[in-house]
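A.B. asks: Questions regarding the structure given below will be posed in turn.
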Amino acid sequence: FSALVPFLPMSGSEMYEALTEAKMNYDWWMSLSSLEMLRYDYQEDSSNGRKFGISAVLLPFWDVMEKPMLYKASCEFMSEKKLDTIMIMAYSFEPRMSRQILFMSDNFEKLKELTQAFARVGGHAQMDLVYADMDVEECLGTKNCEAFQQFTVGFSRKEVLPLVVEAYREAGVSLVPERDDDGFYSDPTGKLQVPTKESS
């Protein structure tokens, strides 16, 4: 960024402020599709070969949940990135500043094991976690999800990632069936709501 400053029509500090303001723009975030929202500010990590990702979204949690086809887009994104699970970190400012963390996967039982482990790990780390008071299953149309309110806002994604790694290790779970070399699910039951080799 500093190398570009001499060529910018405004000062470096002015450009930084403009970019920050744009990133915080509510209307811009709302204009994104669910898939675009997941891709914009994304990081991933792994635990024992199980890869997971976190997308940071500067929207209130209830607005994230109302994004069209959010769960379907999340399944597509998990398949594209070869993820065990995807998490979305949202931000709310009322009634007090808090973050929300939404977990989604393709396996209900294993997801519950992971999120229960995350609740324990987060509690030990004093994240001030509580389960979200929203019926996320009804909003997303699937039970393969879980959400938390995080009131200790000092825990950013950078701090949350290693806690998820620890939760994976504690739970000892992999959230999806094995994939082949092309990244497709092997699902003889046909129950997974994600692309398979036969349907692609």
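Ordering of the structure tokens sets the chain letters (A, B, ...); residue numbers start at 1 within each chain; ligands are numbered from 1 in the order shown.
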What lies within 12 Å of range 41-46 of chain A using only C-alpha atoms, ignoring chain neighbours under 6 positions off, as number ranges by chain?
C.D. replies: A: 23, 29, 35, 52-58, 77-78, 81-90, 157-158, 160-169, 174
A.B. asks: Using only C-alpha atoms, pick whichever of A:Leu102, A:Ala147, A:Val136, A:Leu38 has the shortest atom-to-atom distance to Ala73 in chain A.
C.D. replies: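 Smallest distance to Ala73 in chain A is found for A:Leu38.
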A.B. asks: Under the rule that only C-alpha atoms are counted, which of A:Ala117, A:Leu59, A:Leu140, A:Val153 is the nearest residue to Lys72 in chain A?
C.D. replies: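 Ranking A:Ala117, A:Leu59, A:Leu140, A:Val153 by distance to Lys72 in chain A, first place goes to A:Leu140.
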A.B. asks: Just to confirm, what's the straight-line distance from CA of Asn25 in chain A to CA of Met37 in chain A in Å (one decimal)?
C.D. replies: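 We find that CA of Asn25 in chain A and CA of Met37 in chain A lie 13.1 Å from each other.
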A.B. asks: Just how far from CA of Gly49 in chain A is CA of Phe103 in chain A, in Å to one decimal?
C.D. replies: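 Atom-to-atom, CA of Phe103 in chain A and CA of Gly49 in chain A are spaced 18.6 Å apart.
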A.B. asks: Would you kindly return, as a PDB file with C-alpha atoms, in the first residue's frame, each protein, DNA or RNA residue with an atom no farther than 12 Å from any atom of Met97 in chain A, considering only C-alpha atoms and excluding same-chain residues fewer than 6 positions away?
C.D. replies:
```pdb
ATOM      1  CA  PRO A  60     -25.524  -7.721  12.125  1.00  0.00           C
ATOM      2  CA  PHE A  61     -26.186 -11.412  12.600  1.00  0.00           C
ATOM      3  CA  ALA A  90     -20.837 -11.354  12.217  1.00  0.00           C
ATOM      4  CA  TYR A  91     -20.968  -8.150  14.254  1.00  0.00           C
ATOM      5  CA  GLN A 149     -23.076 -14.926  20.840  1.00  0.00           C
ATOM      6  CA  GLN A 150     -19.581 -13.785  21.796  1.00  0.00           C
ATOM      7  CA  PHE A 151     -19.596 -10.842  24.193  1.00  0.00           C
ATOM      8  CA  THR A 152     -15.826 -10.630  24.719  1.00  0.00           C
ATOM      9  CA  VAL A 153     -15.276  -8.760  21.473  1.00  0.00           C
ATOM     10  CA  GLY A 154     -11.502  -8.681  21.914  1.00  0.00           C
TER      11      GLY A 154
END
```
